[in-house]
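J.: Dropping the structure in here first, questions after.
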Number of protein chains: 2
Amino acid sequence: MESSSARSGGSTRREATRQKLYEAAVTLIAEQGFSATTVDEIAERAGVAKGTVYYNFASKSVLFEELLRHGVGLLTASLKEAAERTAHEGGGKVDALDAMIRAGLVFIDRYPAFTQLYVAELWRTNRAWQSTLMVVRQEAVAVVEGVLREGVAAGEFSEEIDVQLTAAALVGMVLVAALDWKSFQPQRSLDDVHAALSRLLQGRVSGRV
Amino acid sequence: MESSSARSGGSTRREATRQKLYEAAVTLIAEQGFSATTVDEIAERAGVAKGTVYYNFASKSVLFEELLRHGVGLLTASLKEAAERTAHEGGGKVDALDAMIRAGLVFIDRYPAFTQLYVAELWRTNRAWQSTLMVVRQEAVAVVEGVLREGVAAGEFSEEIDVQLTAAALVGMVLVAALDWKSFQPQRSLDDVHAALSRLLQGRVSGRV
DNA sequence: ATTTTTGAACTGACCAGTCAGTGCAAAATA
DNA sequence: TATTTTGCACTGACTGGTCAGTTCAAAAAT
């Protein structure tokens with residue numbers, strides 16, 4: 001009783017199966033896209049029968065949506081943690097942004113397939129999970145926007161900056177640089193990449209120098 | 001002789017059909033993805049029979065690959081033109097980067113569907129057109145890298161910058177900010193967006209201030 | 001005893017690619 | 001001028017195959 005069936009919600013066994021399915025699905029969908037990935041493939045890679053997929057998820061789309069929520073939840077938590085940590089250490093908002101850049105890089109380093117898949121689906125329209133994506137995107141970008149807004153309020157950033165656009169641009173900068181890193185020069189260290197992005201960030205986003 | 005059957009290469013009619021197919025395909029694939037888009041849909045939206053698609057292109061994949069080449073060709077030409085224009089006007093490399101940002105925004109403003117599709121497919125692996133994408137990506141990013149390198153050589157940029165990573169980051173910044181603009185706040189003007197990105201670019205990428 | 005998983009067979013919709021045939025304008029022929 | 005021929009561009013019904021989702025009895029795990 002105590003070890004196998006965690007009290008809040010589902011059993012451990014079931015949770016482990018779902019986890020295996022997430023991992024199998026994320027890789028395959030990142031490589032091939034959602035439509036080109038078959039449920040049989042996912043089941044096979046997870047080492048599970050096809051029936052199990054449908055025992056655990058209502059449909060292929062639902063599996064994918066829950067996967068998205070799961071992954072973005074991890075990212076958002078990591079970004080928040082980074083921002084709060086710098087605040088505790090008495091750093092300014094530039095430090096917070098810098099820490100979030102690093103947190104983003106660490107996340108992508110750890111879950112490159114998820115990132116790939118997320119980027120590929122984010123700007124699609126006419127898809128079943130479109131609304132899920134919007135919500136989930138907003139959660140992540142909102143963390144960056146929050147820090148920018150606080151920085152403006154504290155006089156640390158120019159009042160002229162457009163919070164929403166700047167947040168999007170920063171996210172894009174990290175996302176694309178990191179995917180480029182993973183795809184085309186994976187031998188580079190995370191510190192290298194972080195240093196290059198820090199350089200871009202420094203200087204003008206903050207005050208007038 | 002003169003009107004219907006153009007002698008050099010392809011007829012005008014055929015070229016017009018191919019153009020219609022490109023336009024139909026780019027929208028549908030941007031919305032739904034490659035695999036989820038059917039050849040029947042493409043034909044219907046282009047107002048031709050399915051057989052015509054296969055008369056003009058060897059396969060669905062080939063149609064897509066030629067579409068990619070076509071689109072990125074336009075982008076690359078536009079970026080080069082922007083960089084060269086500033087050079088003629090005696091501007092520095094920062095001006096060149098700024099002009100390229102604007103050229104990128106103008107392109108995305110004009111061909112949002114193509115941009116969407118490009119981003120969505122760029123980091124996929126295991127796809128038939130992977131090599132095409134690599135080539136085509138390199139053409140575009142190389143233009144930015146070239147300007148950065150020239151700027152470093154001329155002493156205008158710090159020697160410490162990592163050309164490849166910085167180029168990727170700049171491209172990502174423009175790409176994501178622009179897609180965000182088109183998707184979530186399309187009422188904003190191009191100048192607004194350009195101003196926000198210029199602010200990010202200024203200051204630290206160039207010398208020590 | 002209950003929950004979870006298995007595995008294989010089945011259905012029905014959907015889809016990439018094919019192919020025999022059509023329409024038509026220019027060129028060849030009479 | 002009137003006619004026949006040529007071949008390019010296009011058509012759309014058809015085929016062979018694929019895949020999401022279903023079903024269920026039996027087995028395994030807890």
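So you can find residues: chains in the structure tokens are A, B, ... in the order shown, residues in each start at 1, and ligands are numbered from 1 in order.
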Counting only C-alpha atoms (C1' of nucleotides), what is within 10 Å of stretch 174-189 of chain A, bar same-chain residues fewer than 5 positions away, as a ChimeraX atom specification?
T.: /A:100-102,104-109,112-113,115-116,119,169,194,196-197 /B:119,122-125,134,164-173,175-176
J.: Taking only C-alpha atoms (C1' of nucleotides) into account, what are the residues of chain C at most 9 Å from chain A, put as a list in words?
T.: DT4, DT5, DT6 and DG7 of chain C
J.: Would you output that residue set with N, CA and C atoms (P, O5', C5', C4', C3', O3' and C1' of nucleotides), as a PDB file, in the first residue's frame?
T.:
```pdb
ATOM      1  P    DT C   4      -5.552   1.229 -12.484  1.00  0.00           P
ATOM      2  O5'  DT C   4      -4.653   0.372 -13.481  1.00  0.00           O
ATOM      3  C5'  DT C   4      -3.432  -0.175 -13.007  1.00  0.00           C
ATOM      4  C4'  DT C   4      -2.852  -1.107 -14.038  1.00  0.00           C
ATOM      5  C3'  DT C   4      -2.763  -0.526 -15.456  1.00  0.00           C
ATOM      6  O3'  DT C   4      -1.378  -0.455 -15.785  1.00  0.00           O
ATOM      7  C1'  DT C   4      -3.542  -2.765 -15.472  1.00  0.00           C
ATOM      8  P    DT C   5      -0.892   0.086 -17.233  1.00  0.00           P
ATOM      9  O5'  DT C   5      -0.717  -1.294 -18.014  1.00  0.00           O
ATOM     10  C5'  DT C   5       0.116  -2.294 -17.447  1.00  0.00           C
ATOM     11  C4'  DT C   5       0.048  -3.539 -18.297  1.00  0.00           C
ATOM     12  C3'  DT C   5       0.304  -3.295 -19.794  1.00  0.00           C
ATOM     13  O3'  DT C   5       1.429  -4.077 -20.178  1.00  0.00           O
ATOM     14  C1'  DT C   5      -1.568  -4.708 -19.443  1.00  0.00           C
ATOM     15  P    DT C   6       1.971  -3.976 -21.691  1.00  0.00           P
ATOM     16  O5'  DT C   6       1.315  -5.257 -22.337  1.00  0.00           O
ATOM     17  C5'  DT C   6       1.469  -6.516 -21.683  1.00  0.00           C
ATOM     18  C4'  DT C   6       0.719  -7.567 -22.460  1.00  0.00           C
ATOM     19  C3'  DT C   6       0.949  -7.538 -23.975  1.00  0.00           C
ATOM     20  O3'  DT C   6       1.565  -8.754 -24.359  1.00  0.00           O
ATOM     21  C1'  DT C   6      -1.361  -7.778 -23.427  1.00  0.00           C
ATOM     22  P    DG C   7       2.566  -8.767 -25.595  1.00  0.00           P
ATOM     23  O5'  DG C   7       1.620  -9.291 -26.764  1.00  0.00           O
ATOM     24  C5'  DG C   7       0.833 -10.452 -26.538  1.00  0.00           C
ATOM     25  C4'  DG C   7      -0.221 -10.526 -27.615  1.00  0.00           C
ATOM     26  C3'  DG C   7       0.210  -9.932 -28.956  1.00  0.00           C
ATOM     27  O3'  DG C   7      -0.262 -10.790 -29.968  1.00  0.00           O
ATOM     28  C1'  DG C   7      -1.813  -8.985 -28.305  1.00  0.00           C
TER      29       DG C   7
END
```
J.: Show me, as an MDAnalysis selection string, the residues of chain A whose atoms get within 12 Å of chain D, using only C-alpha atoms (C1' of nucleotides) for the distance check.
T.: chainID A and resid 1:5 11:14 35:41 50:51 53:55 57:61
J.: Determine, counting only C-alpha atoms (C1' of nucleotides), which protein, DNA and RNA residues have an atom within 8 Å of an atom of B:Val136; residues of the same chain fewer than 2 positions away are not included. Present the result as a list of chain:residue names.
T.: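 That gives B:Leu68, B:Arg69, B:Val72, B:Thr132, B:Leu133, B:Met134, B:Gln138, B:Glu139, B:Ala140.
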J.: Write a file of the just-selected residues containing C-alpha atoms, as a PDB file, in the first residue's frame.
T.:
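Result file is selection-v2.pdb:
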```pdb
ATOM      1  CA  LEU B  68      11.321  25.729 -49.980  1.00  0.00           C
ATOM      2  CA  ARG B  69      14.012  26.595 -52.488  1.00  0.00           C
ATOM      3  CA  VAL B  72      14.339  30.946 -49.284  1.00  0.00           C
ATOM      4  CA  THR B 132      17.527  20.609 -48.934  1.00  0.00           C
ATOM      5  CA  LEU B 133      16.672  22.443 -45.751  1.00  0.00           C
ATOM      6  CA  MET B 134      20.253  22.437 -44.549  1.00  0.00           C
ATOM      7  CA  GLN B 138      22.880  27.924 -44.654  1.00  0.00           C
ATOM      8  CA  GLU B 139      22.336  30.307 -47.546  1.00  0.00           C
ATOM      9  CA  ALA B 140      20.205  32.601 -45.420  1.00  0.00           C
TER      10      ALA B 140
END
```
J.: Near B:Phe114, counting only C-alpha atoms (C1' of nucleotides), which residues have an atom at most 10 Å away, once you skip same-chain residues fewer than 3 positions from it, shown as a PDB file with N, CA and C atoms, in the first residue's frame?
T.:
```pdb
ATOM      1  N   GLU B  23       1.322  28.472 -54.133  1.00  0.00           N
ATOM      2  CA  GLU B  23       0.540  29.327 -53.232  1.00  0.00           C
ATOM      3  C   GLU B  23      -0.455  28.520 -52.409  1.00  0.00           C
ATOM      4  N   ALA B  25      -0.176  25.313 -51.661  1.00  0.00           N
ATOM      5  CA  ALA B  25       0.542  24.412 -50.762  1.00  0.00           C
ATOM      6  C   ALA B  25       1.112  25.156 -49.557  1.00  0.00           C
ATOM      7  N   VAL B  26       1.648  26.333 -49.790  1.00  0.00           N
ATOM      8  CA  VAL B  26       2.313  27.040 -48.699  1.00  0.00           C
ATOM      9  C   VAL B  26       1.326  27.371 -47.581  1.00  0.00           C
ATOM     10  N   THR B  27       0.143  27.779 -47.930  1.00  0.00           N
ATOM     11  CA  THR B  27      -0.850  28.118 -46.909  1.00  0.00           C
ATOM     12  C   THR B  27      -1.279  26.878 -46.138  1.00  0.00           C
ATOM     13  N   ILE B  29       0.165  23.913 -45.847  1.00  0.00           N
ATOM     14  CA  ILE B  29       1.211  23.269 -45.063  1.00  0.00           C
ATOM     15  C   ILE B  29       1.572  24.107 -43.844  1.00  0.00           C
ATOM     16  N   ALA B  30       1.517  25.419 -43.988  1.00  0.00           N
ATOM     17  CA  ALA B  30       1.781  26.268 -42.823  1.00  0.00           C
ATOM     18  C   ALA B  30       0.731  26.030 -41.749  1.00  0.00           C
ATOM     19  N   LEU B  67       9.258  24.304 -53.354  1.00  0.00           N
ATOM     20  CA  LEU B  67       8.648  25.442 -52.668  1.00  0.00           C
ATOM     21  C   LEU B  67       9.631  26.073 -51.688  1.00  0.00           C
ATOM     22  N   LEU B  68      10.326  25.238 -50.925  1.00  0.00           N
ATOM     23  CA  LEU B  68      11.321  25.729 -49.980  1.00  0.00           C
ATOM     24  C   LEU B  68      12.419  26.517 -50.686  1.00  0.00           C
ATOM     25  N   GLY B  71      11.121  29.907 -51.907  1.00  0.00           N
ATOM     26  CA  GLY B  71      10.904  30.891 -50.848  1.00  0.00           C
ATOM     27  C   GLY B  71      12.191  31.415 -50.239  1.00  0.00           C
ATOM     28  N   VAL B  72      13.098  30.507 -49.919  1.00  0.00           N
ATOM     29  CA  VAL B  72      14.339  30.946 -49.284  1.00  0.00           C
ATOM     30  C   VAL B  72      15.181  31.759 -50.265  1.00  0.00           C
ATOM     31  N   PHE B 107       9.811  40.702 -45.258  1.00  0.00           N
ATOM     32  CA  PHE B 107       9.585  39.383 -45.867  1.00  0.00           C
ATOM     33  C   PHE B 107       8.503  38.613 -45.115  1.00  0.00           C
ATOM     34  N   ILE B 108       8.624  38.574 -43.793  1.00  0.00           N
ATOM     35  CA  ILE B 108       7.661  37.824 -42.992  1.00  0.00           C
ATOM     36  C   ILE B 108       6.275  38.445 -43.082  1.00  0.00           C
ATOM     37  N   ARG B 110       5.104  39.842 -45.626  1.00  0.00           N
ATOM     38  CA  ARG B 110       4.560  39.516 -46.941  1.00  0.00           C
ATOM     39  C   ARG B 110       4.265  38.029 -47.094  1.00  0.00           C
ATOM     40  N   TYR B 111       5.111  37.207 -46.529  1.00  0.00           N
ATOM     41  CA  TYR B 111       4.940  35.756 -46.675  1.00  0.00           C
ATOM     42  C   TYR B 111       4.875  35.057 -45.318  1.00  0.00           C
ATOM     43  N   LEU B 117       5.964  27.813 -41.964  1.00  0.00           N
ATOM     44  CA  LEU B 117       6.295  26.490 -42.459  1.00  0.00           C
ATOM     45  C   LEU B 117       7.791  26.217 -42.366  1.00  0.00           C
ATOM     46  N   TYR B 118       8.562  27.215 -42.630  1.00  0.00           N
ATOM     47  CA  TYR B 118      10.013  27.081 -42.603  1.00  0.00           C
ATOM     48  C   TYR B 118      10.490  26.783 -41.181  1.00  0.00           C
ATOM     49  N   VAL B 119       9.996  27.570 -40.248  1.00  0.00           N
ATOM     50  CA  VAL B 119      10.359  27.364 -38.847  1.00  0.00           C
ATOM     51  C   VAL B 119       9.935  25.983 -38.370  1.00  0.00           C
ATOM     52  N   ALA B 120       8.746  25.596 -38.760  1.00  0.00           N
ATOM     53  CA  ALA B 120       8.211  24.329 -38.273  1.00  0.00           C
ATOM     54  C   ALA B 120       9.011  23.132 -38.773  1.00  0.00           C
TER      55      ALA B 120
END
```
J.: Where does DSSP see alpha helix (DSSP H) in stretch 33-135 of chain A, if you list the residues as number ranges by chain?
T.: A: 39-46, 50-56, 60-88, 93-110, 112-122, 130-135
J.: List the spatial neighbours of B:Leu79 as a PyMOL selection string - criterion: any atom at most 10 Å away, only C-alpha atoms (C1' of nucleotides), same-chain residues fewer than 3 positions off excluded.
T.: chain B and resi 74-76+82-85+96-97+99-104+107+140-141+143-144
J.: Let's have the selection written as a PDB file, in the first residue's frame, with C-alpha atoms.
T.:
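Output (selection.pdb):
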```pdb
ATOM      1  CA  LEU B  74      13.481  35.279 -52.206  1.00  0.00           C
ATOM      2  CA  LEU B  75      14.530  35.832 -48.589  1.00  0.00           C
ATOM      3  CA  THR B  76      18.238  35.518 -49.251  1.00  0.00           C
ATOM      4  CA  ALA B  82      19.530  45.246 -47.801  1.00  0.00           C
ATOM      5  CA  ALA B  83      23.130  44.731 -46.690  1.00  0.00           C
ATOM      6  CA  GLU B  84      24.523  46.002 -49.965  1.00  0.00           C
ATOM      7  CA  ARG B  85      22.266  49.024 -50.000  1.00  0.00           C
ATOM      8  CA  ALA B  96      23.597  46.705 -42.283  1.00  0.00           C
ATOM      9  CA  LEU B  97      22.283  44.462 -39.498  1.00  0.00           C
ATOM     10  CA  ALA B  99      18.549  46.979 -42.480  1.00  0.00           C
ATOM     11  CA  MET B 100      18.569  43.201 -42.598  1.00  0.00           C
ATOM     12  CA  ILE B 101      16.269  43.039 -39.611  1.00  0.00           C
ATOM     13  CA  ARG B 102      13.875  45.278 -41.446  1.00  0.00           C
ATOM     14  CA  ALA B 103      14.198  43.236 -44.627  1.00  0.00           C
ATOM     15  CA  GLY B 104      13.436  40.121 -42.616  1.00  0.00           C
ATOM     16  CA  PHE B 107       9.585  39.383 -45.867  1.00  0.00           C
ATOM     17  CA  ALA B 140      20.205  32.601 -45.420  1.00  0.00           C
ATOM     18  CA  VAL B 141      22.203  32.483 -42.194  1.00  0.00           C
ATOM     19  CA  VAL B 143      24.403  36.364 -45.189  1.00  0.00           C
ATOM     20  CA  VAL B 144      24.117  37.423 -41.546  1.00  0.00           C
TER      21      VAL B 144
END
```
